[in-house]
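Chemist: Handing you this structure, nothing more for now.
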Amino acid sequence: MALTANISNTFQIYITSNAAETKTISNPGITENLAKYMYFRIIGVRAINTTGTGNLQITNGAADIVAAQATVNNAWKDMLITQANANVTSSQNLTIITSAAGWGNNSRIILDCVATDGGSALTVS
């Protein structure tokens with residue numbers, strides 16, 4: 001099977017959490033006249049919980065991008081992504097759910113994202 005690769009713009013979504021809570025990140029393509037440009041894919045999620053091992057879950061409103069997974073106390077953890085659900089369209093918001101024991105002050109979640117409607121294909125040999 002041939003390998004494929006793409007060059008694409010990347011960006012990060014950075015969230016600070018101080019407690020067990022639910023936060024919604026509105027996709028800007030919904031309210032702006034940019035809907036056709038606001039398709040992206042989440043390719044990585046890292047989290048650091050400063051005081052506990054609470055769960056992190058991320059959904060696109062229809063399905064889990066990150067199913068509920070325990071974080072690590074005071075250390076970064078790469079969260080497992082459900083690849084089939086990682087594309088986000090202009091009609092979807094992201095819901096970040098931090099739950100269970102001890103989400104401490106300034107716990108952080110970083111979502112690595114790439115544009116899915118742009119980029120250029122590369123030949124891989």
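Letters for chains follow the order of the structure tokens (A, B, ...), residue numbers begin at 1 for each chain, and ligand numbers begin at 1 in the order shown.
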With a distance cut-off of 10 Å and only C-alpha atoms, select the neighbouring residues of Asn49 in chain A, excluding the residue or stretch itself and same-chain residues fewer than 3 positions from it, and output the selection as a list in words.

Modeler: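 Non-adjacent residues within range: Thr16, Ser17, Asn18, Ala19, Gly52, Thr53, Gly54, Asn55, Leu56, Ala70, Thr71, Val72, Asn73, Asn74, Ala75, Trp76, Lys77, Thr98, Gly102, Trp103, Gly104, Asn105, Asn106, Ser107, Arg108 and Ile109 of chain A.
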
Chemist: Mind checking DSSP for range 27-123 of chain A and telling me the strand (DSSP E) residues as a PyMOL selection string?

Modeler: chain A and resi 40-48+55-59+64-70+76-78+87-88+94-99+107-115+120-123

Chemist: Write to file, as a PDB file, in the first residue's frame, the residues of the selection just made, with C-alpha atoms.

Modeler:
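Output (again_23.pdb):
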ATOM      1  CA  PHE A  40     -10.677  20.667  10.803  1.00  0.00           C
ATOM      2  CA  ARG A  41      -9.382  17.428  12.246  1.00  0.00           C
ATOM      3  CA  ILE A  42      -8.091  16.874  15.755  1.00  0.00           C
ATOM      4  CA  ILE A  43      -4.833  14.935  15.457  1.00  0.00           C
ATOM      5  CA  GLY A  44      -3.611  15.039  19.044  1.00  0.00           C
ATOM      6  CA  VAL A  45      -4.853  15.766  22.555  1.00  0.00           C
ATOM      7  CA  ARG A  46      -2.594  16.271  25.573  1.00  0.00           C
ATOM      8  CA  ALA A  47      -3.714  16.954  29.112  1.00  0.00           C
ATOM      9  CA  ILE A  48      -2.050  17.738  32.427  1.00  0.00           C
ATOM     10  CA  ASN A  55     -11.408  11.984  33.527  1.00  0.00           C
ATOM     11  CA  LEU A  56     -11.273  13.934  30.281  1.00  0.00           C
ATOM     12  CA  GLN A  57     -13.860  13.505  27.535  1.00  0.00           C
ATOM     13  CA  ILE A  58     -14.192  15.496  24.303  1.00  0.00           C
ATOM     14  CA  THR A  59     -17.180  15.257  21.970  1.00  0.00           C
ATOM     15  CA  ASP A  64     -16.719  11.036  21.344  1.00  0.00           C
ATOM     16  CA  ILE A  65     -13.465  12.329  19.903  1.00  0.00           C
ATOM     17  CA  VAL A  66     -11.824  11.371  23.194  1.00  0.00           C
ATOM     18  CA  ALA A  67     -13.854   8.834  25.172  1.00  0.00           C
ATOM     19  CA  ALA A  68     -13.688   9.378  28.945  1.00  0.00           C
ATOM     20  CA  GLN A  69     -10.106   8.608  30.013  1.00  0.00           C
ATOM     21  CA  ALA A  70      -8.220   9.172  33.244  1.00  0.00           C
ATOM     22  CA  TRP A  76       1.278  15.308  30.621  1.00  0.00           C
ATOM     23  CA  LYS A  77      -0.672  12.469  29.027  1.00  0.00           C
ATOM     24  CA  ASP A  78      -1.423  11.865  25.342  1.00  0.00           C
ATOM     25  CA  ASN A  87     -13.196  15.545  11.957  1.00  0.00           C
ATOM     26  CA  VAL A  88     -15.094  18.633  13.089  1.00  0.00           C
ATOM     27  CA  LEU A  94     -16.523  20.881  20.801  1.00  0.00           C
ATOM     28  CA  THR A  95     -17.596  19.895  24.300  1.00  0.00           C
ATOM     29  CA  ILE A  96     -14.822  19.427  26.849  1.00  0.00           C
ATOM     30  CA  ILE A  97     -15.868  17.456  29.938  1.00  0.00           C
ATOM     31  CA  THR A  98     -13.573  17.241  32.949  1.00  0.00           C
ATOM     32  CA  SER A  99     -14.958  14.970  35.628  1.00  0.00           C
ATOM     33  CA  SER A 107      -4.848  22.134  34.597  1.00  0.00           C
ATOM     34  CA  ARG A 108      -4.374  22.299  30.829  1.00  0.00           C
ATOM     35  CA  ILE A 109      -5.705  20.552  27.743  1.00  0.00           C
ATOM     36  CA  ILE A 110      -4.166  21.100  24.306  1.00  0.00           C
ATOM     37  CA  LEU A 111      -5.857  20.008  21.075  1.00  0.00           C
ATOM     38  CA  ASP A 112      -3.605  19.803  18.010  1.00  0.00           C
ATOM     39  CA  CYS A 113      -5.621  20.439  14.844  1.00  0.00           C
ATOM     40  CA  VAL A 114      -5.144  20.583  11.064  1.00  0.00           C
ATOM     41  CA  ALA A 115      -7.305  21.986   8.314  1.00  0.00           C
ATOM     42  CA  SER A 120      -1.329  19.930  -0.651  1.00  0.00           C
ATOM     43  CA  ALA A 121      -0.607  16.257  -1.242  1.00  0.00           C
ATOM     44  CA  LEU A 122       2.984  15.010  -1.234  1.00  0.00           C
ATOM     45  CA  THR A 123       4.407  12.027  -3.029  1.00  0.00           C
TER      46      THR A 123
END

Chemist: Name the residues of range 4-108 of chain A that come out as helix (DSSP H, G or I) in a backbone DSSP run; write them as a PyMOL selection string.

Modeler: chain A and resi 28-31+35-37+83-85

Chemist: Grab the residues selected above and save them as an mmCIF file, in the first residue's frame with N, CA and C atoms.

Modeler:
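That gives us again.cif:
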data_model
loop_
_atom_site.group_PDB
_atom_site.id
_atom_site.type_symbol
_atom_site.label_atom_id
_atom_site.label_comp_id
_atom_site.auth_asym_id
_atom_site.auth_seq_id
_atom_site.Cartn_x
_atom_site.Cartn_y
_atom_site.Cartn_z
ATOM 1 N N PRO A 28 -16.186 28.679 15.104
ATOM 2 C CA PRO A 28 -16.433 30.006 14.530
ATOM 3 C C PRO A 28 -17.113 29.967 13.174
ATOM 4 N N GLY A 29 -17.090 28.842 12.496
ATOM 5 C CA GLY A 29 -17.762 28.738 11.199
ATOM 6 C C GLY A 29 -19.269 28.799 11.306
ATOM 7 N N ILE A 30 -19.804 28.606 12.511
ATOM 8 C CA ILE A 30 -21.248 28.630 12.688
ATOM 9 C C ILE A 30 -21.779 30.055 12.621
ATOM 10 N N THR A 31 -21.090 30.979 13.247
ATOM 11 C CA THR A 31 -21.604 32.345 13.342
ATOM 12 C C THR A 31 -21.009 33.296 12.313
ATOM 13 N N ALA A 35 -18.167 29.402 6.989
ATOM 14 C CA ALA A 35 -18.509 28.009 7.263
ATOM 15 C C ALA A 35 -17.765 27.032 6.354
ATOM 16 N N LYS A 36 -17.586 27.374 5.099
ATOM 17 C CA LYS A 36 -16.937 26.422 4.200
ATOM 18 C C LYS A 36 -15.457 26.236 4.526
ATOM 19 N N TYR A 37 -14.877 27.137 5.325
ATOM 20 C CA TYR A 37 -13.464 27.036 5.670
ATOM 21 C C TYR A 37 -13.218 26.415 7.035
ATOM 22 N N GLN A 83 -10.362 8.008 15.961
ATOM 23 C CA GLN A 83 -10.059 8.600 14.660
ATOM 24 C C GLN A 83 -11.292 8.806 13.788
ATOM 25 N N ALA A 84 -12.255 7.893 13.862
ATOM 26 C CA ALA A 84 -13.451 8.004 13.025
ATOM 27 C C ALA A 84 -14.285 9.234 13.380
ATOM 28 N N ASN A 85 -14.072 9.800 14.563
ATOM 29 C CA ASN A 85 -14.857 10.949 15.009
ATOM 30 C C ASN A 85 -14.052 12.240 15.075
#

Chemist: Would you mind telling me which residue in A:Thr116, A:Ala101, A:Thr22, A:Ser91 lies nearest to Thr50 in chain A when using only C-alpha atoms?

Modeler: A:Ala101
